[in-house]
>>> print(open('work.pdb').read())   # PDB, C-alpha atoms and all ligand atoms
ATOM      1  CA  THR F 854       0.000   0.000   0.000
ATOM      2  CA  GLU F 855       1.586   3.277  -1.078
ATOM      3  CA  ASN F 856       1.034   6.640  -2.725
ATOM      4  CA  GLU F 857       3.960   7.017  -5.132
ATOM      5  CA  GLY F 858       3.924   3.812  -7.190
ATOM      6  CA  ASN F 859       7.580   3.085  -6.330
ATOM      7  CA  GLY F 860       6.741  -0.277  -4.813
ATOM      8  CA  LEU F 861       4.697  -1.259  -7.821
ATOM      9  CA  MET F 862       7.484  -0.258 -10.186
ATOM     10  CA  SER F 863      10.256  -1.953  -8.223
ATOM     11  CA  ILE F 864       8.499  -5.325  -8.277
ATOM     12  CA  ALA F 865       7.808  -5.113 -12.022
ATOM     13  CA  PHE F 866      11.459  -5.019 -13.215
ATOM     14  CA  PRO F 867      13.698  -7.351 -11.135
ATOM     15  CA  ARG F 868      13.913 -11.010 -12.045
ATOM     16  CA  LEU F 869      14.135 -11.955  -8.389
ATOM     17  CA  HIS F 870      11.806 -10.574  -5.705
ATOM     18  CA  ILE F 871      12.907 -11.036  -2.082
ATOM     19  CA  VAL F 872      10.444  -9.939   0.592
ATOM     20  CA  ILE F 873      11.885  -9.351   4.073
ATOM     21  CA  ALA F 874       9.242  -8.877   6.766
ATOM     22  CA  GLY F 875       8.841  -9.232  10.525
ATOM     23  CA  ILE F 876       6.667 -12.130  11.664
ATOM     24  CA  GLU F 877       4.136  -9.727  13.167
ATOM     25  CA  LYS F 878       3.226  -8.555   9.656
ATOM     26  CA  ILE F 879       1.211 -11.725   9.000
ATOM     27  CA  ILE F 880      -2.531 -11.147   9.240
ATOM     28  CA  PRO F 881      -5.133 -13.887   9.801
ATOM     29  CA  SER F 882      -6.599 -13.876   6.280
ATOM     30  CA  ILE F 883      -6.845 -11.842   3.083
ATOM     31  CA  GLU F 884     -10.362 -10.747   4.136
ATOM     32  CA  ASP F 885      -8.754  -8.837   7.007
ATOM     33  CA  LEU F 886      -7.271  -6.398   4.490
ATOM     34  CA  ASP F 887     -10.750  -4.948   4.430
ATOM     35  CA  LEU F 888      -9.995  -3.594   7.889
ATOM     36  CA  PHE F 889      -6.233  -3.037   7.677
ATOM     37  CA  TRP F 890      -6.033  -1.084   4.413
ATOM     38  CA  PRO F 891      -8.346   1.782   5.387
ATOM     39  CA  LEU F 892      -7.064   1.725   8.978
ATOM     40  CA  LEU F 893      -3.482   2.230   7.815
ATOM     41  CA  ALA F 894      -4.364   4.882   5.225
ATOM     42  CA  THR F 895      -6.581   6.908   7.535
ATOM     43  CA  HIS F 896      -4.130   7.013  10.417
ATOM     44  CA  GLY F 897      -1.007   7.290   8.261
ATOM     45  CA  THR F 898      -1.920   9.972   5.765
ATOM     46  CA  GLY F 899      -5.549  10.915   6.438
ATOM     47  CA  GLN F 900      -6.807   9.211   3.256
ATOM     48  CA  GLN F 901      -9.656   6.734   3.107
ATOM     49  CA  VAL F 902      -7.418   4.499   1.043
ATOM     50  CA  THR F 903      -3.928   4.979  -0.433
ATOM     51  CA  ALA F 904      -3.437   5.572  -4.173
ATOM     52  CA  TYR F 905      -1.738   2.253  -5.021
ATOM     53  CA  ASN F 906      -2.586  -1.043  -3.385
ATOM     54  CA  SER F 907      -1.000  -4.220  -4.720
ATOM     55  CA  ILE F 908      -1.698  -7.834  -3.892
ATOM     56  CA  ILE F 909       1.380  -9.841  -4.908
ATOM     57  CA  SER F 910       0.590 -13.516  -5.034
ATOM     58  CA  GLY F 911       3.940 -14.883  -6.173
ATOM     59  CA  SER F 912       6.276 -15.033  -9.138
ATOM     60  CA  ARG F 913       5.243 -14.490 -12.770
ATOM     61  CA  PHE F 914       3.380 -17.306 -14.545
ATOM     62  CA  ASP F 915       4.441 -18.510 -18.013
ATOM     63  CA  GLY F 916       3.277 -16.047 -20.638
ATOM     64  CA  GLU F 917       2.861 -13.119 -18.237
ATOM     65  CA  PRO F 918       4.853 -10.043 -19.331
ATOM     66  CA  ASP F 919       5.609  -8.505 -15.893
ATOM     67  CA  GLY F 920       6.790  -9.631 -12.511
ATOM     68  CA  PRO F 921       9.798 -11.541 -11.133
ATOM     69  CA  GLY F 922      10.747 -15.033 -12.251
ATOM     70  CA  ASP F 923      11.318 -16.085  -8.630
ATOM     71  CA  MET F 924      10.023 -14.781  -5.343
ATOM     72  CA  TYR F 925      11.163 -15.547  -1.801
ATOM     73  CA  VAL F 926       9.623 -14.396   1.493
ATOM     74  CA  VAL F 927      11.998 -14.140   4.454
ATOM     75  CA  LEU F 928      10.209 -13.796   7.802
ATOM     76  CA  ILE F 929      12.328 -12.268  10.517
ATOM     77  CA  ASP F 930      11.959 -12.982  14.226
ATOM     78  CA  ASN F 931      14.789 -10.877  15.656
ATOM     79  CA  GLY F 932      13.468 -10.676  19.233
ATOM     80  CA  ARG F 933       9.773 -10.638  18.322
ATOM     81  CA  THR F 934       9.025 -14.090  19.799
ATOM     82  CA  LYS F 935      10.644 -13.009  23.071
ATOM     83  CA  LEU F 936       8.483  -9.893  23.073
ATOM     84  CA  LEU F 937       5.417 -12.031  22.371
ATOM     85  CA  ALA F 938       6.176 -14.020  25.525
ATOM     86  CA  LYS F 939       5.955 -10.867  27.666
ATOM     87  CA  GLU F 940       2.317 -10.591  28.579
ATOM     88  CA  GLN F 941       2.352  -6.897  29.453
ATOM     89  CA  GLN F 942       4.375  -5.802  26.427
ATOM     90  CA  ARG F 943       3.309  -8.138  23.635
ATOM     91  CA  ASN F 944       0.654  -5.788  22.262
ATOM     92  CA  ALA F 945       3.495  -3.646  20.862
ATOM     93  CA  LEU F 946       3.552  -6.264  18.087
ATOM     94  CA  SER F 947       0.072  -5.190  16.936
ATOM     95  CA  CYS F 948       1.588  -2.054  15.412
ATOM     96  CA  ILE F 949       0.561  -1.505  11.785
ATOM     97  CA  ARG F 950       3.294   1.162  11.217
ATOM     98  CA  CYS F 951       0.839   3.903  10.413
ATOM     99  CA  GLY F 952       3.102   6.546  11.961
ATOM    100  CA  ALA F 953       0.327   8.356  13.839
ATOM    101  CA  CYS F 954       2.218   8.126  17.144
ATOM    102  CA  LEU F 955       5.293   9.664  15.478
ATOM    103  CA  ASN F 956       3.320  12.614  14.163
ATOM    104  CA  GLY F 957       1.676  13.156  17.548
ATOM    105  CA  CYS F 958       4.872  12.889  19.618
ATOM    106  CA  PRO F 959       6.400  16.228  20.744
ATOM    107  CA  ILE F 960       9.846  14.606  21.015
ATOM    108  CA  TYR F 961       9.761  13.127  17.506
ATOM    109  CA  ARG F 962       8.479  16.386  16.068
ATOM    110  CA  SER F 963      11.409  18.236  17.655
ATOM    111  CA  ILE F 964      14.299  15.855  16.925
ATOM    112  CA  GLY F 965      13.164  13.916  13.820
ATOM    113  CA  GLY F 966      13.557  10.236  13.003
ATOM    114  CA  HIS F 967      17.336  10.034  12.380
ATOM    115  CA  ALA F 968      18.099  10.998  15.979
ATOM    116  CA  TYR F 969      16.807   7.619  17.157
ATOM    117  CA  GLY F 970      19.607   5.842  15.281
ATOM    118  CA  THR F 971      17.444   2.838  14.444
ATOM    119  CA  PRO F 972      14.952   2.015  11.642
ATOM    120  CA  TYR F 973      11.899   2.248  13.934
ATOM    121  CA  SER F 974      11.722   5.737  15.393
ATOM    122  CA  GLY F 975       9.209   7.708  17.444
ATOM    123  CA  PRO F 976       7.255   6.251  20.365
ATOM    124  CA  ILE F 977       6.808   2.788  18.850
ATOM    125  CA  GLY F 978      10.521   2.675  17.959
ATOM    126  CA  ALA F 979      11.417   3.598  21.530
ATOM    127  CA  VAL F 980       9.187   0.772  22.754
ATOM    128  CA  ILE F 981      10.258  -2.079  20.450
ATOM    129  CA  THR F 982      13.910  -1.295  19.649
ATOM    130  CA  PRO F 983      15.193  -2.286  23.128
ATOM    131  CA  HIS F 984      13.449  -5.651  22.684
ATOM    132  CA  MET F 985      14.869  -6.223  19.213
ATOM    133  CA  ARG F 986      18.373  -4.815  19.615
ATOM    134  CA  GLY F 987      19.042  -5.253  23.335
ATOM    135  CA  LEU F 988      17.878  -3.427  26.445
ATOM    136  CA  GLU F 989      21.387  -2.666  27.659
ATOM    137  CA  GLU F 990      22.353  -0.618  24.626
ATOM    138  CA  TRP F 991      18.947   0.797  23.656
ATOM    139  CA  ASN F 992      17.061   1.445  26.902
ATOM    140  CA  HIS F 993      17.899   5.162  26.652
ATOM    141  CA  LEU F 994      15.225   5.502  23.937
ATOM    142  CA  SER F 995      12.511   4.683  26.471
ATOM    143  CA  PHE F 996      13.763   7.480  28.731
ATOM    144  CA  ALA F 997      13.592  10.088  25.939
ATOM    145  CA  SER F 998       9.906  10.786  26.478
ATOM    146  CA  THR F 999       7.807  13.206  28.477
ATOM    147  CA  LEU F1000       5.159  10.465  28.888
ATOM    148  CA  CYS F1001       2.503  12.957  27.791
ATOM    149  CA  GLY F1002       0.446  10.051  26.401
ATOM    150  CA  LYS F1003      -0.360  11.618  23.015
ATOM    151  CA  CYS F1004       1.012   8.498  21.275
ATOM    152  CA  THR F1005      -1.410   6.261  23.162
ATOM    153  CA  GLU F1006      -4.279   8.610  22.397
ATOM    154  CA  VAL F1007      -3.764   8.502  18.611
ATOM    155  CA  CYS F1008      -2.814   4.830  18.123
ATOM    156  CA  PRO F1009      -5.530   3.104  16.057
ATOM    157  CA  VAL F1010      -4.763  -0.328  17.491
ATOM    158  CA  LYS F1011      -4.761   0.966  21.058
ATOM    159  CA  ILE F1012      -1.208   0.134  22.060
ATOM    160  CA  PRO F1013      -0.627   1.742  25.497
ATOM    161  CA  LEU F1014       2.665   3.219  24.299
ATOM    162  CA  HIS F1015       3.460   5.503  27.225
ATOM    163  CA  ASN F1016       2.822   2.653  29.676
ATOM    164  CA  LEU F1017       5.134   0.412  27.650
ATOM    165  CA  LEU F1018       7.836   3.075  27.755
ATOM    166  CA  LEU F1019       7.501   3.084  31.544
ATOM    167  CA  GLN F1020       7.660  -0.711  31.595
ATOM    168  CA  ASN F1021      10.900  -0.621  29.564
ATOM    169  CA  ARG F1022      12.349   1.867  32.054
ATOM    170  CA  LYS F1023      11.382  -0.433  34.926
ATOM    171  CA  ASP F1024      12.973  -3.429  33.170
ATOM    172  CA  ALA F1025      16.161  -1.428  32.513
ATOM    173  CA  VAL F1026      16.490  -0.409  36.166
ATOM    174  CA  GLU F1027      15.684  -3.898  37.452
ATOM    175  CA  GLU F1028      18.228  -5.440  35.092
ATOM    176  CA  GLY F1029      20.896  -3.094  36.433
ATOM    177  CA  TYR F1030      21.355  -0.791  33.436
ATOM    178  CA  SER F1031      21.233   2.478  35.380
ATOM    179  CA  THR F1032      24.318   4.111  36.876
ATOM    180  CA  THR F1033      24.813   4.738  40.599
ATOM    181  CA  SER F1034      24.841   8.518  40.087
ATOM    182  CA  TRP F1035      21.524   8.319  38.199
ATOM    183  CA  LYS F1036      19.948   6.259  41.003
ATOM    184  CA  ARG F1037      21.212   8.690  43.657
ATOM    185  CA  GLY F1038      19.938  11.653  41.655
ATOM    186  CA  MET F1039      16.510  10.029  41.352
ATOM    187  CA  MET F1040      16.378   9.286  45.100
ATOM    188  CA  VAL F1041      17.228  12.902  46.001
ATOM    189  CA  SER F1042      14.724  14.251  43.426
ATOM    190  CA  LYS F1043      11.999  11.978  44.752
ATOM    191  CA  ARG F1044      12.528  13.133  48.340
ATOM    192  CA  MET F1045      12.548  16.770  47.292
ATOM    193  CA  PHE F1046       9.608  16.756  44.901
ATOM    194  CA  MET F1047       7.387  14.775  47.251
ATOM    195  CA  SER F1048       7.865  17.162  50.166
ATOM    196  CA  ARG F1049       6.298  20.614  50.159
ATOM    197  CA  TYR F1050       8.610  21.575  53.018
ATOM    198  CA  MET F1051      11.729  20.649  51.022
ATOM    199  CA  MET F1052      10.442  22.455  47.931
ATOM    200  CA  ASP F1053       9.919  25.642  49.975
ATOM    201  CA  ILE F1054      13.311  25.627  51.715
ATOM    202  CA  ALA F1055      15.070  27.478  48.893
ATOM    203  CA  GLY F1056      13.823  30.670  47.223
ATOM    204  CA  PRO F1057      13.660  31.215  43.437
ATOM    205  CA  VAL F1058      17.192  32.686  43.224
ATOM    206  CA  THR F1059      18.746  29.614  44.882
ATOM    207  CA  LYS F1060      16.568  27.268  42.835
ATOM    208  CA  ASN F1061      17.603  28.936  39.573
ATOM    209  CA  PHE F1062      21.254  28.712  40.630
ATOM    210  CA  LEU F1063      20.961  24.999  41.472
ATOM    211  CA  ILE F1064      19.124  24.209  38.240
ATOM    212  CA  ARG F1065      21.841  26.015  36.254
ATOM    213  CA  GLN F1066      24.554  24.078  38.055
ATOM    214  CA  PHE F1067      23.037  20.627  37.746
ATOM    215  CA  ALA F1068      20.914  20.783  34.595
ATOM    216  CA  GLY F1069      22.605  23.531  32.556
ATOM    217  CA  LYS F1070      24.932  21.206  30.648
ATOM    218  CA  LEU F1071      22.236  18.594  30.064
ATOM    219  CA  TRP F1072      19.897  21.249  28.715
ATOM    220  CA  GLY F1073      22.409  22.260  26.039
ATOM    221  CA  GLU F1074      24.399  25.433  25.434
ATOM    222  CA  ARG F1075      22.133  26.884  22.767
ATOM    223  CA  ARG F1076      18.885  26.676  24.689
ATOM    224  CA  GLU F1077      17.786  28.960  27.469
ATOM    225  CA  LEU F1078      16.836  27.234  30.699
ATOM    226  CA  PRO F1079      13.324  28.032  31.911
ATOM    227  CA  LYS F1080      13.366  30.070  35.122
ATOM    228  CA  VAL F1081      11.585  29.323  38.378
ATOM    229  CA  ALA F1082       8.795  31.888  38.932
ATOM    230  CA  PRO F1083       9.412  34.554  41.632
ATOM    231  CA  LYS F1084       6.462  33.218  43.632
ATOM    232  CA  SER F1085       5.438  29.574  43.964
ATOM    233  CA  PHE F1086       1.890  28.380  43.298
ATOM    234  CA  LYS F1087       1.445  27.890  47.060
ATOM    235  CA  GLN F1088       2.417  31.503  47.791
ATOM    236  CA  LEU F1089       0.093  32.848  45.085
ATOM    237  CA  TYR F1090      -2.742  30.650  46.327
ATOM    238  CA  ASN F1091      -2.268  31.768  49.915
ATOM    239  CA  GLU F1092      -2.175  35.417  48.901
ATOM    240  CA  GLU F1093      -5.332  35.085  46.867
ATOM    241  CA  PHE F1094      -7.526  32.809  48.945
ATOM    242  CA  ARG F1095      -6.242  32.378  52.449
ATOM    243  CA  GLU F1096      -8.060  34.322  55.101
ATOM    244  CA  ASP F1097      -5.908  34.985  58.174
TER     245      ASP F1097
HETATM  246  S1  LIG J   1       2.155   2.247  17.577
HETATM  247 FE1  LIG J   1       0.055   2.679  16.885
HETATM  248  S2  LIG J   1       0.145   4.822  16.186
HETATM  249 FE2  LIG J   1       2.285   4.115  16.315
HETATM  250  S3  LIG J   1       2.791   3.405  14.247
HETATM  251 FE3  LIG J   1       2.051   1.614  15.422
HETATM  252  S4  LIG J   1      -0.144   1.489  14.994
HETATM  253 FE4  LIG J   1       0.505   3.533  14.356
END
>>> encode(input="work.pdb", output="structure tokens")
Amino acid sequence: TENEGNGLMSIAFPRLHIVIAGIEKIIPSIEDLDLFWPLLATHGTGQQVTAYNSIISGSRFDGEPDGPGDMYVVLIDNGRTKLLAKEQQRNALSCIRCGACLNGCPIYRSIGGHAYGTPYSGPIGAVITPHMRGLEEWNHLSFASTLCGKCTEVCPVKIPLHNLLLQNRKDAVEEGYSTTSWKRGMMVSKRMFMSRYMMDIAGPVTKNFLIRQFAGKLWGERRELPKVAPKSFKQLYNEEFRED
């Protein structure tokens, strides 16, 4: 299914057609295309159906002018069976690659697909890549998310993407792929952010100083760090509503 005709053209000329596809691409029957074709087109490009849709049933028969002489289908597992065995995460394999979660994701829209460094980018890429290419090396993708949940909201097959990102983070920590300094930083942040008293100890000037010291480099030299407001929400609320 496509809009440019490139796929159609590229299967017409070669003498040998090799299809390489993940095992999750197999659908129960050809009748199910009735559902999948419009679902993919609507959520991928906003069309009711894409311009070119081809059903390729095999190599060319004797006397036919077009099509390859031989055709092979290579089905790739590459970690998919292991993912299927994980009850809480297996629904990531229902993805139809429509790209709606990519278009909805504020991170993807800011950094683009190449930044992910892997063929599957965006929220679904961040979910499945650690399963396919190894959690140790690729778990960072699951941390590059604000967990806003837009991806989950737009997914036509209802994959709970932001929950799966959290699950990957949990797996990464439990399998020991986080550094000691990261764990300490998280413990201190948790204690601070969960205590109103701790949050009120320092004023805005001190808070801005601390943020610059600890987060300035991470934020990047070319971006301006957001500043803590002169008065906290609690102070504004008390001034407005509290009767003493
Ligand atoms: S995860 Fe959902 S929204 Fe994202 S590409 Fe797959 S089917 Fe589309």
>>> residues_near_ligand(input="work.pdb", ligand="ligand LIG 1 (chain J)", cutoff="6 Å", atoms="all atoms listed in the file", output="list in words")
Cys948, Ile949, Arg950, Cys951, Gly952, Ala953, Cys954, Ile977, Val1007, Cys1008, Pro1009, Val1010 and Ile1012 of chain F
>>> residues_around(input="work.pdb", residues="Ala1082 of chain F", least_positions_apart="6", cutoff="12 Å", atoms="all atoms listed in the file", output="PyMOL selection string")
chain F and resi 1056-1061+1088-1089
>>> resolve_selection(input="work.pdb", expression="the PyMOL selection byres (((chain F and resi 866) around 8) and not hetatm)", output="ChimeraX atom specification")
/F:862-865,867-868,919-921
>>> resolve_selection(input="work.pdb", expression="the PyMOL selection byres (((chain F and resi 996) around 10) and not hetatm)", output="PDB file with C-alpha atoms, keeping the file's coordinate frame")
ATOM      1  CA  ALA F 979      11.417   3.598  21.530  1.00  0.00           C
ATOM      2  CA  TRP F 991      18.947   0.797  23.656  1.00  0.00           C
ATOM      3  CA  ASN F 992      17.061   1.445  26.902  1.00  0.00           C
ATOM      4  CA  HIS F 993      17.899   5.162  26.652  1.00  0.00           C
ATOM      5  CA  LEU F 994      15.225   5.502  23.937  1.00  0.00           C
ATOM      6  CA  SER F 995      12.511   4.683  26.471  1.00  0.00           C
ATOM      7  CA  ALA F 997      13.592  10.088  25.939  1.00  0.00           C
ATOM      8  CA  SER F 998       9.906  10.786  26.478  1.00  0.00           C
ATOM      9  CA  THR F 999       7.807  13.206  28.477  1.00  0.00           C
ATOM     10  CA  LEU F1000       5.159  10.465  28.888  1.00  0.00           C
ATOM     11  CA  LEU F1018       7.836   3.075  27.755  1.00  0.00           C
ATOM     12  CA  LEU F1019       7.501   3.084  31.544  1.00  0.00           C
ATOM     13  CA  ASN F1021      10.900  -0.621  29.564  1.00  0.00           C
ATOM     14  CA  ARG F1022      12.349   1.867  32.054  1.00  0.00           C
ATOM     15  CA  ALA F1025      16.161  -1.428  32.513  1.00  0.00           C
TER      16      ALA F1025
END
>>> atom_distance(input="work.pdb", atom1="atom CA of Ile883 of chain F", atom2="atom CA of Glu1006 of chain F")
28.2 Å
>>> atom_distance(input="work.pdb", atom1="atom CA of Val1081 of chain F", atom2="atom CA of Ser1048 of chain F")
17.3 Å
>>> residues_around(input="work.pdb", residues="Ile909 of chain F", least_positions_apart="2", cutoff="10 Å", atoms="only C-alpha atoms", output="ChimeraX atom specification")
/F:861,864,906-907,911-913,920,924
>>> atom_distance(input="work.pdb", atom1="atom CA of Thr982 of chain F", atom2="atom CA of His1015 of chain F")
14.6 Å
>>> residues_around(input="work.pdb", residues="Arg1049 of chain F", least_positions_apart="3", cutoff="12 Å", atoms="only C-alpha atoms", output="ChimeraX atom specification")
/F:1043-1046,1052-1055,1085-1088
>>> residues_near_point(input="work.pdb", point="(7.7, -12.1, 1.2)", cutoff="8 Å", atoms="all atoms listed in the file", output="list in words")
Ile871, Val872, Ile873, Ala874, Met924, Tyr925, Val926, Val927 and Leu928 of chain F
